[in-house]
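**Student:** This is upload.cif (mmCIF, C-alpha atoms and all ligand atoms).
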```cif
data_query
#
loop_
_atom_site.label_atom_id
_atom_site.label_comp_id
_atom_site.auth_asym_id
_atom_site.auth_seq_id
_atom_site.Cartn_x
_atom_site.Cartn_y
_atom_site.Cartn_z
CA MET A 1 0.00 0.00 0.00
CA LYS A 2 2.79 2.36 0.91
CA TYR A 3 4.48 1.79 -2.44
CA VAL A 4 1.31 2.64 -4.32
CA SER A 5 0.86 5.92 -2.43
CA MET A 6 4.47 6.80 -3.08
CA LYS A 7 3.91 6.23 -6.78
CA LYS A 8 0.80 8.32 -6.53
CA SER A 9 2.64 11.30 -5.09
CA LEU A 10 5.38 10.92 -7.70
CA SER A 11 2.86 10.95 -10.51
CA ILE A 12 1.19 14.00 -9.01
CA THR A 13 4.56 15.74 -8.87
CA ILE A 14 5.33 14.94 -12.48
CA PHE A 15 1.86 15.97 -13.48
CA ALA A 16 2.35 19.28 -11.70
CA ILE A 17 5.56 19.81 -13.65
CA ILE A 18 3.75 19.06 -16.90
CA LEU A 19 0.95 21.45 -15.96
CA ALA A 20 3.46 24.15 -15.04
CA SER A 21 5.03 23.83 -18.44
CA PHE A 22 1.56 24.14 -19.98
CA SER A 23 0.89 27.47 -18.39
CA ALA A 24 4.25 28.69 -19.63
CA ASN A 25 3.25 27.79 -23.14
CA VAL A 26 -0.45 27.36 -23.72
CA ALA A 27 0.05 26.37 -27.34
CA ASN A 28 1.98 23.32 -26.20
CA ALA A 29 -0.83 22.21 -23.90
CA GLU A 30 -2.93 21.20 -26.88
CA SER A 31 -0.21 18.92 -28.15
CA ILE A 32 -0.27 16.62 -25.11
CA PRO A 33 -1.90 13.44 -26.30
CA GLU A 34 -4.73 11.98 -24.24
CA TRP A 35 -2.90 8.70 -23.79
CA VAL A 36 -0.11 10.51 -21.96
CA LYS A 37 -2.55 12.16 -19.60
CA ASN A 38 -4.20 8.82 -18.99
CA ASN A 39 -0.84 7.19 -18.37
CA ALA A 40 -0.16 9.56 -15.51
CA LEU A 41 -3.51 8.70 -14.00
CA TRP A 42 -3.05 4.97 -14.49
CA TYR A 43 0.41 5.06 -13.08
CA GLY A 44 -0.91 6.79 -9.96
CA GLN A 45 -3.52 4.09 -9.61
CA GLY A 46 -0.94 1.38 -10.10
CA ASP A 47 -2.52 0.19 -13.33
CA ILE A 48 0.62 0.56 -15.45
CA SER A 49 4.28 -0.05 -14.78
CA GLU A 50 6.86 2.55 -14.04
CA LYS A 51 8.53 1.74 -17.36
CA GLU A 52 5.37 2.49 -19.29
CA PHE A 53 4.90 5.72 -17.42
CA LEU A 54 8.50 6.81 -18.02
CA ASN A 55 8.05 6.02 -21.69
CA ALA A 56 5.18 8.50 -21.75
CA ILE A 57 7.38 11.17 -20.17
CA LYS A 58 10.12 10.30 -22.65
CA PHE A 59 7.64 10.79 -25.48
CA LEU A 60 6.82 14.29 -24.20
CA ILE A 61 10.48 15.24 -24.00
CA GLU A 62 11.40 13.78 -27.38
CA ASN A 63 8.55 15.60 -29.07
CA GLY A 64 9.41 18.90 -27.46
CA VAL A 65 6.16 19.07 -25.49
CA LEU A 66 7.94 18.91 -22.17
CA ILE A 67 11.10 20.96 -22.28
CA VAL A 68 13.77 19.92 -19.86
CA GLU A 69 16.46 22.51 -19.53
CA ALA A 70 19.89 21.50 -18.42
CA SER A 71 20.55 23.75 -15.49
CA ASP A 72 23.45 24.12 -13.20
CA SER A 73 21.77 25.16 -10.00
CA LYS A 74 25.00 26.65 -8.70
CA TYR A 75 24.73 29.51 -11.16
CA PRO A 76 21.65 31.61 -11.75
CA LYS A 77 20.73 32.10 -15.39
CA ASN A 78 21.62 35.74 -15.62
CA ILE A 79 24.60 35.74 -13.38
CA ASP A 80 25.44 39.12 -11.95
CA ALA A 81 29.10 39.13 -12.84
CA THR A 82 29.83 42.54 -11.38
CA VAL A 83 32.57 43.53 -8.98
CA ILE A 84 31.99 46.79 -7.17
CA ILE A 85 34.94 48.88 -6.07
CA PRO A 86 33.19 50.40 -3.05
CA ASN A 87 33.60 53.79 -1.50
CA GLY A 88 36.61 53.71 0.84
CA ASN A 89 38.42 51.06 -1.23
CA SER A 90 41.49 53.29 -1.43
CA ASP A 91 41.77 53.60 2.36
CA ILE A 92 44.06 50.90 3.73
CA ASP A 93 42.29 51.04 7.10
CA SER A 94 38.75 50.72 5.74
CA THR A 95 36.72 47.62 4.96
CA GLY A 96 36.21 48.77 1.38
CA PHE A 97 36.94 45.35 -0.06
CA TYR A 98 35.92 44.41 -3.56
CA LEU A 99 32.32 43.28 -3.64
CA PRO A 100 32.50 40.36 -3.89
CA LEU A 101 36.05 39.72 -2.81
CA ASN A 102 36.04 36.46 -4.74
CA LEU A 103 33.58 36.25 -7.61
CA GLU A 104 32.71 32.72 -8.78
CA ILE A 105 31.59 32.39 -12.38
CA PRO A 106 31.27 29.79 -15.12
CA THR A 107 33.55 30.05 -18.14
CA ASN A 108 32.69 32.57 -20.85
CA THR A 109 31.33 35.12 -18.42
CA VAL A 110 31.98 38.80 -18.86
CA VAL A 111 32.93 40.39 -15.56
CA THR A 112 32.35 44.11 -15.11
CA TRP A 113 34.20 46.12 -12.49
CA VAL A 114 32.52 49.34 -11.44
CA ASN A 115 34.35 52.07 -9.56
CA ASP A 116 31.98 53.37 -6.88
CA ASP A 117 34.80 55.03 -4.97
CA SER A 118 35.54 58.75 -4.98
CA VAL A 119 39.08 58.28 -6.32
CA PRO A 120 40.48 56.48 -9.40
CA HIS A 121 41.41 52.79 -9.30
CA ASN A 122 42.62 50.27 -11.83
CA ILE A 123 42.39 46.51 -12.21
CA GLN A 124 45.63 44.64 -12.85
CA SER A 125 45.74 40.86 -13.13
CA LEU A 126 48.42 39.12 -11.10
CA ASP A 127 50.38 35.95 -11.71
CA LYS A 128 50.98 33.27 -9.08
CA LEU A 129 53.94 35.21 -7.71
CA GLY A 130 51.86 38.35 -7.26
CA LYS A 131 53.40 40.18 -10.22
CA VAL A 132 51.31 42.05 -12.76
CA ALA A 133 50.29 39.69 -15.57
CA ASP A 134 49.15 40.59 -19.05
CA ILE A 135 45.72 38.93 -18.78
CA PHE A 136 43.34 41.75 -17.92
CA ASN A 137 44.60 45.24 -17.22
CA SER A 138 42.40 48.29 -17.07
CA PRO A 139 43.29 51.93 -17.54
CA PRO A 140 42.65 54.18 -14.53
CA LEU A 141 38.94 54.07 -13.76
CA ASN A 142 37.41 57.29 -12.53
CA THR A 143 34.32 57.31 -10.33
CA GLY A 144 31.52 55.56 -12.21
CA ASP A 145 33.84 54.06 -14.84
CA ARG A 146 33.58 50.40 -15.82
CA PHE A 147 35.99 47.78 -17.05
CA GLU A 148 35.00 44.49 -18.67
CA PHE A 149 36.81 41.22 -19.29
CA ASN A 150 35.53 37.93 -20.69
CA PHE A 151 36.84 34.92 -18.76
CA GLU A 152 37.13 32.08 -21.25
CA GLU A 153 39.33 29.68 -19.31
CA SER A 154 38.82 28.17 -15.88
CA GLY A 155 41.18 29.03 -13.09
CA VAL A 156 41.68 31.38 -10.19
CA TYR A 157 42.59 34.92 -11.25
CA ASN A 158 43.95 37.36 -8.71
CA TYR A 159 44.06 41.07 -9.34
CA TYR A 160 44.93 44.24 -7.51
CA CYS A 161 44.93 47.99 -7.93
CA SER A 162 48.38 49.39 -8.64
CA PHE A 163 47.46 52.67 -6.90
CA HIS A 164 46.33 50.80 -3.77
CA PRO A 165 48.25 47.51 -3.85
CA TRP A 166 46.78 46.36 -0.53
CA ARG A 167 43.51 45.75 -2.34
CA VAL A 168 43.58 42.26 -3.84
CA GLY A 169 40.56 40.43 -5.20
CA SER A 170 39.99 37.23 -7.12
CA ILE A 171 37.80 35.73 -9.81
CA THR A 172 37.26 31.98 -9.74
CA VAL A 173 36.23 30.58 -13.12
CA GLU A 174 34.90 27.02 -13.11
CU CU A 201 42.80 51.55 -6.19
#
```
Let's see the structure in the file written out as structure tokens.
Ligand SMILES: [Cu+2]
**Tutor:**
Amino acid sequence: MKYVSMKKSLSITIFAIILASFSANVANAESIPEWVKNNALWYGQGDISEKEFLNAIKFLIENGVLIVEASDSKYPKNIDATVIIPNGNSDIDSTGFYLPLNLEIPTNTVVTWVNDDSVPHNIQSLDKLGKVADIFNSPPLNTGDRFEFNFEESGVYNYYCSFHPWRVGSITVE
């Protein structure tokens, strides 16, 4: 009995997913064949096997009725790949760290640095020894200026500001 009720709740869950995808695209709702709808019901009642039910789901996916998107839950779809240089960043005694101090992004993400401080800063990539590397290097950024770089390869990238070398941040590309 327990197994049947478990199957029932699973079929309800899958049905809810199917219904949710209907409301997202009403046109698609009409293309769900009756036999698939019945399968979900029968599966819940224990009238058909799991394999038969999964075949029905497979049919929906293969025919583009149910769209399953590959998603990496770690990263939101429109990742906010922005690093703020906050007010007070130039002051060695302040907590004006880069926001975020370490930005984690997938490959092929454009990172934008924004200078929100009252004085100019720059962004200079560093090698493993802490020396300036020719990877991404901005001109001096005045208040409100932006600098962009597209990270194509995975790795950990450190950077600093040559005017205020105590400010070091990193970008982790996975
Ligand atoms: Cu600076």
**Student:** How close does chain A get to ligand CU 201 (chain A)? List, as a Markdown table, each residue of chain A within 12 Å, its nearest atom pair and the distance in Å to one decimal, counting only C-alpha atoms and all ligand atoms.
**Tutor:**
```
| residue | atom | partner | partner_atom | distance |
| --- | --- | --- | --- | --- |
| A:Ile84 | CA | A:CU201 | CU | 11.9 |
| A:Ile85 | CA | A:CU201 | CU | 8.3 |
| A:Pro86 | CA | A:CU201 | CU | 10.2 |
| A:Asn87 | CA | A:CU201 | CU | 10.6 |
| A:Gly88 | CA | A:CU201 | CU | 9.6 |
| A:Asn89 | CA | A:CU201 | CU | 6.6 |
| A:Ser90 | CA | A:CU201 | CU | 5.2 |
| A:Asp91 | CA | A:CU201 | CU | 8.9 |
| A:Ile92 | CA | A:CU201 | CU | 10.0 |
| A:Gly96 | CA | A:CU201 | CU | 10.4 |
| A:Phe97 | CA | A:CU201 | CU | 10.5 |
| A:Tyr98 | CA | A:CU201 | CU | 10.3 |
| A:Trp113 | CA | A:CU201 | CU | 12.0 |
| A:Val114 | CA | A:CU201 | CU | 11.8 |
| A:Asn115 | CA | A:CU201 | CU | 9.1 |
| A:Asp116 | CA | A:CU201 | CU | 11.0 |
| A:Asp117 | CA | A:CU201 | CU | 8.8 |
| A:Ser118 | CA | A:CU201 | CU | 10.3 |
| A:Val119 | CA | A:CU201 | CU | 7.7 |
| A:Pro120 | CA | A:CU201 | CU | 6.3 |
| A:His121 | CA | A:CU201 | CU | 3.6 |
| A:Asn122 | CA | A:CU201 | CU | 5.8 |
| A:Ile123 | CA | A:CU201 | CU | 7.9 |
| A:Gln124 | CA | A:CU201 | CU | 10.0 |
| A:Ser138 | CA | A:CU201 | CU | 11.4 |
| A:Pro139 | CA | A:CU201 | CU | 11.4 |
| A:Pro140 | CA | A:CU201 | CU | 8.7 |
| A:Leu141 | CA | A:CU201 | CU | 8.9 |
| A:Asn142 | CA | A:CU201 | CU | 10.1 |
| A:Thr143 | CA | A:CU201 | CU | 11.1 |
| A:Tyr159 | CA | A:CU201 | CU | 11.0 |
| A:Tyr160 | CA | A:CU201 | CU | 7.7 |
| A:Cys161 | CA | A:CU201 | CU | 4.5 |
| A:Ser162 | CA | A:CU201 | CU | 6.5 |
| A:Phe163 | CA | A:CU201 | CU | 4.8 |
| A:His164 | CA | A:CU201 | CU | 4.3 |
| A:Pro165 | CA | A:CU201 | CU | 7.2 |
| A:Trp166 | CA | A:CU201 | CU | 8.6 |
| A:Arg167 | CA | A:CU201 | CU | 7.0 |
| A:Val168 | CA | A:CU201 | CU | 9.6 |
| A:Gly169 | CA | A:CU201 | CU | 11.4 |
```
**Student:** Padding of 3 Å on every side, edges along x, y and z, all listed atoms of stretch 119-134 of chain A included: what centre and edge lengths in Å, to one decimal, does that box have, as lines of an AutoDock Vina configuration file?
**Tutor:**
```
center_x = 46.5
center_y = 45.8
center_z = -12.7
size_x = 20.9
size_y = 31.0
size_z = 18.7
```
**Student:** One decimal, in Å: what's the spacing between atom CA of A:Asn108 and atom CA of A:Val132?
**Tutor:** 22.4 Å
**Student:** How many Å separate atom CA of A:Ser154 from atom CA of A:Thr95?
**Tutor:**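 For atom CA of A:Ser154 relative to atom CA of A:Thr95, the distance reads 28.6 Å.
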**Student:** Atom CA of A:Leu60 to atom CA of A:Gly46: how many Å, to one decimal?
**Tutor:**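 Going from atom CA of A:Leu60 over to atom CA of A:Gly46, I get 20.6 Å.
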**Student:** Show which residues sit within 9 Å of A:Asn158, as a ChimeraX atom specification. Count all atoms listed in the file, and ignore same-chain residues fewer than 2 positions away.
**Tutor:** /A:102,124-128,130,156,160,168-172
**Student:** Any chance you could build stretch 162-173 of chain A out to all heavy atoms and write it as a CSV table (one decimal), in the coordinates of the input?
**Tutor:**
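Below is the file that was written, result-v9.csv:
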```csv
chain,number,residue,atom,x,y,z
A,162,SER,N,47.0,49.0,-8.8
A,162,SER,CA,48.4,49.4,-8.6
A,162,SER,C,48.5,50.7,-7.8
A,162,SER,O,49.6,51.0,-7.3
A,162,SER,CB,49.0,49.5,-10.0
A,162,SER,OG,48.5,50.6,-10.7
A,163,PHE,N,47.4,51.5,-7.7
A,163,PHE,CA,47.5,52.7,-6.9
A,163,PHE,C,47.3,52.3,-5.4
A,163,PHE,O,47.8,53.0,-4.5
A,163,PHE,CB,46.3,53.6,-7.3
A,163,PHE,CG,46.2,54.0,-8.7
A,163,PHE,CD1,45.0,54.1,-9.4
A,163,PHE,CD2,47.4,54.2,-9.5
A,163,PHE,CE1,44.9,54.4,-10.7
A,163,PHE,CE2,47.3,54.6,-10.8
A,163,PHE,CZ,46.1,54.7,-11.4
A,164,HIS,N,46.6,51.2,-5.2
A,164,HIS,CA,46.3,50.8,-3.8
A,164,HIS,C,46.6,49.3,-3.7
A,164,HIS,O,45.7,48.5,-3.6
A,164,HIS,CB,44.9,51.1,-3.4
A,164,HIS,CG,44.5,52.5,-3.8
A,164,HIS,ND1,43.7,52.8,-4.9
A,164,HIS,CD2,44.7,53.7,-3.2
A,164,HIS,CE1,43.5,54.1,-5.0
A,164,HIS,NE2,44.1,54.7,-4.0
A,165,PRO,N,47.9,48.9,-3.7
A,165,PRO,CA,48.2,47.5,-3.8
A,165,PRO,C,47.8,46.6,-2.7
A,165,PRO,O,48.0,45.4,-2.8
A,165,PRO,CB,49.8,47.6,-4.0
A,165,PRO,CG,50.2,48.9,-3.5
A,165,PRO,CD,49.1,49.8,-3.7
A,166,TRP,N,47.3,47.2,-1.6
A,166,TRP,CA,46.8,46.4,-0.5
A,166,TRP,C,45.4,45.8,-0.8
A,166,TRP,O,44.9,45.0,-0.1
A,166,TRP,CB,46.7,47.2,0.8
A,166,TRP,CG,46.0,48.5,0.6
A,166,TRP,CD1,44.7,48.7,0.8
A,166,TRP,CD2,46.6,49.7,0.3
A,166,TRP,NE1,44.4,50.1,0.6
A,166,TRP,CE2,45.6,50.7,0.3
A,166,TRP,CE3,48.0,50.1,0.0
A,166,TRP,CZ2,45.9,52.1,0.0
A,166,TRP,CZ3,48.2,51.5,-0.3
A,166,TRP,CH2,47.2,52.4,-0.3
A,167,ARG,N,44.8,46.2,-2.0
A,167,ARG,CA,43.5,45.8,-2.3
A,167,ARG,C,43.7,44.6,-3.4
A,167,ARG,O,44.0,44.9,-4.6
A,167,ARG,CB,42.7,46.9,-2.9
A,167,ARG,CG,42.2,47.9,-1.9
A,167,ARG,CD,41.3,47.3,-0.9
A,167,ARG,NE,41.0,48.3,0.1
A,167,ARG,CZ,40.7,48.0,1.4
A,167,ARG,NH1,40.8,46.8,1.8
A,167,ARG,NH2,40.4,49.0,2.2
A,168,VAL,N,43.5,43.4,-2.9
A,168,VAL,CA,43.6,42.3,-3.8
A,168,VAL,C,42.2,41.5,-3.9
A,168,VAL,O,41.6,41.3,-2.8
A,168,VAL,CB,44.7,41.3,-3.4
A,168,VAL,CG1,44.8,40.1,-4.3
A,168,VAL,CG2,46.0,42.1,-3.3
A,169,GLY,N,41.8,41.2,-5.1
A,169,GLY,CA,40.6,40.4,-5.2
A,169,GLY,C,40.8,39.2,-6.1
A,169,GLY,O,41.9,39.1,-6.7
A,170,SER,N,39.8,38.4,-6.2
A,170,SER,CA,40.0,37.2,-7.1
A,170,SER,C,38.7,36.9,-7.8
A,170,SER,O,37.6,37.2,-7.4
A,170,SER,CB,40.5,36.0,-6.4
A,170,SER,OG,39.6,35.7,-5.3
A,171,ILE,N,38.9,36.2,-9.0
A,171,ILE,CA,37.8,35.7,-9.8
A,171,ILE,C,38.1,34.2,-10.0
A,171,ILE,O,39.2,33.9,-10.4
A,171,ILE,CB,37.8,36.4,-11.2
A,171,ILE,CG1,37.8,37.9,-11.2
A,171,ILE,CG2,36.6,35.9,-12.0
A,171,ILE,CD1,36.6,38.6,-10.6
A,172,THR,N,37.1,33.4,-9.6
A,172,THR,CA,37.3,32.0,-9.7
A,172,THR,C,36.4,31.5,-10.9
A,172,THR,O,35.1,31.7,-10.8
A,172,THR,CB,36.9,31.2,-8.4
A,172,THR,OG1,37.8,31.7,-7.4
A,172,THR,CG2,37.1,29.7,-8.6
A,173,VAL,N,37.0,31.0,-11.9
A,173,VAL,CA,36.2,30.6,-13.1
A,173,VAL,C,36.2,29.1,-13.1
A,173,VAL,O,37.3,28.4,-13.1
A,173,VAL,CB,36.9,31.1,-14.4
A,173,VAL,CG1,36.1,30.8,-15.6
A,173,VAL,CG2,37.1,32.6,-14.3
```
